[in-house]
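Single-structure report; data block below.
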Amino acid sequence: MVEQGTLDKLEAGFKKLQEAADCKSLLKKYLTREVLDACKDKKTALGATLLDCVQSGFENLDSGVGIYAPDAESYTLFAPIFNPIIEDYHEGFKPTDKHPPTDFGDTNTLVNVDPTGEFVVSTRVRCGRSLQGYAFNPCLTEANYKEMEEKVSAIFSTFEGELKGKYYPLTGMDKATQQQLIDDHFLFKEGDRFLQAANACRYWPTGRGIYHNDAKTFLVWCNEEDHLRIISMQKGGDLKAVFERLVKAAKSIEAKLPFSHDDRLGFLTFCPTNLRTTIRASVHIALPNSPGQKVLDDIAAKFISSQRHSRRAHWRVRVGVYDISNKRRMGLTSTRRQEDARCISKYIQDGRKAAA
């Protein structure tokens with residue numbers, strides 16, 4: 001039974017959302033009166049309500065999406081609101097669609113996207129994972145955070161070879177360690193206002209921490225936004241080495257701690273924008289003589305059409321350095337995601353011509 005106070009907050013938030021003329025979130029677009037009435041009285045086995053899903057979107061009217069999943073069951077129990085948002089954000093992934101089976105593929109087919117080292121500053125691949133049997137942030141207890149940290153840190157201590165390193169819990173971290181992690185760009189902070197409003201930062205910094213290998217090319221965030229954020233990165237464009245490291249780590253962890261997975265949606269995470277492969281592959285490309293944003297967007301569009309399916313690339317400008325990464329994560333295998341990244345060499349060629 002959903003408490004009356006929760007129902008009242010849902011009604012107030014819905015009214016606020018509908019009256020916000022400038023709000024363009026997917027939550028506002030799809031949270032109709034019919035959807036609200038269909039979902040407001042439901043509660044998952046772990047106690048999550050519709051309010052847990054939408055409270056951040058109610059609070060932050062400038063959200064692009066405006067919804068989070070407080071546990072795995074929320075994706076099915078509150079499907080009337082999650083399904084259309086997923087279909088919209090992931091560009092046509094319909095409720096009848098099913099994501100391909102997990103497939104990391106043959107990494108030997110991957111390449112160094114910039115073998116001469118002229119343009120790619122660094123390559124990075126990351127994925128989010130949730131541990132099976134645990135709720136997501138809003139429904140986690142302090143004991144849950146501690147228990148998950150203990151389990152994953154125990155696995156980290158068994159890593160050998162290129163994955164061998166050290167785990168740094170945020171609780172009790174001294175200033176020298178904190179500064180070193182800041183200098184390495186590894187330290188994450190308490191969540192932003194969107195995560196705060198979603199109750200994703202409770203009991204901070206309990207259960208949070210950072211693991212990195214000795215070479216500082218492999219990193220895991222524990223209980224930041226997701227239970228685990230697994231990251232592999234290094235200087236240059238050797239995508240094969242970066243991806244192989246990520247796959248090795250993800251498989252090593254999953255062998256001892258199963259991940260939360262759904263046959264239709266794939267790997268489940270706190271935010272619906274990161275479902276299925278959850279993989280974000282990116283490269284930083286240096287183009288000193290910038291051809292301009294429109295030219296870069298045209299290059300991205302050219303790449304998209306050549307792949308024959310709809311998705312967009314993210315371009316972020318930083319003093320002549322551009323960050324290109326995938327937006328879409330659903331409906332594609334992890335292998336296909338990496339095949340996309342191999343086309344970076346084409347971006348480099350076209351970008352160089354445009355900047356000449």
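Note on naming: chains are A, B, ... as they come in the structure tokens, residues start from 1 per chain, ligands start from 1 in the order shown.
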So which bits of segment 142-307 of chain A end up strand (DSSP E or B) when you DSSP the backbone, as a short mmCIF file (atom, residue, chain, number, x, y, z; two decimals) with C-alpha atoms, in the first residue's frame?
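Result saved to part_28.cif:
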```cif
data_model
loop_
_atom_site.label_atom_id
_atom_site.label_comp_id
_atom_site.auth_asym_id
_atom_site.auth_seq_id
_atom_site.Cartn_x
_atom_site.Cartn_y
_atom_site.Cartn_z
CA GLY A 165 46.22 -2.09 -7.82
CA LYS A 166 44.68 -0.61 -4.69
CA TYR A 167 41.22 0.27 -3.40
CA TYR A 168 40.70 3.68 -1.76
CA PRO A 169 37.55 4.00 0.39
CA GLY A 209 35.39 4.23 -3.02
CA ILE A 210 37.80 4.12 -5.95
CA TYR A 211 40.00 1.35 -7.24
CA HIS A 212 42.74 1.87 -9.78
CA ASN A 213 45.53 -0.31 -11.11
CA PHE A 218 42.02 0.94 -15.14
CA LEU A 219 39.56 2.39 -12.65
CA VAL A 220 36.40 1.34 -10.81
CA TRP A 221 34.06 3.68 -8.97
CA CYS A 222 32.14 1.92 -6.23
CA LEU A 228 30.00 -0.04 -10.24
CA ARG A 229 31.42 2.19 -12.95
CA ILE A 230 34.19 0.23 -14.70
CA ILE A 231 36.62 2.37 -16.72
CA SER A 232 39.57 1.54 -18.95
CA MET A 233 41.67 4.29 -20.49
CA GLN A 234 45.10 5.22 -21.76
CA LYS A 235 46.96 7.74 -23.85
CA ASP A 238 44.91 1.80 -28.96
CA PHE A 259 25.21 -8.37 -12.41
CA HIS A 261 20.34 -8.18 -16.06
CA ASP A 262 17.05 -8.26 -17.94
CA GLY A 266 20.08 -5.91 -20.93
CA PHE A 267 22.25 -4.71 -18.04
CA ARG A 276 21.88 -2.66 -21.97
CA ARG A 280 30.39 4.56 -23.56
CA ALA A 281 33.44 4.57 -25.81
CA SER A 282 35.17 7.87 -26.39
CA VAL A 283 38.31 9.36 -27.84
CA HIS A 284 39.79 12.81 -27.39
CA ILE A 285 40.86 14.10 -30.77
CA ALA A 286 43.13 17.12 -31.10
#
```
### Message
Taking 5 positions as the minimum chain separation for residues in the same chain, which residues sit within 9 Å of Arg193 of chain A when counting only C-alpha atoms? Answer as a VMD selection string.
### Response
chain A and resid 56 60 198
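Relative to atom CA of Gly64 of chain A, atom CA of Ala45 of chain A is found at 28.5 Å.
For the pair atom CA of Leu27 of chain A and atom CA of Val54 of chain A, the interatomic distance is 7.6 Å.
Between atom CA of Leu17 of chain A and atom CA of Pro138 of chain A lies a distance of 21.3 Å.
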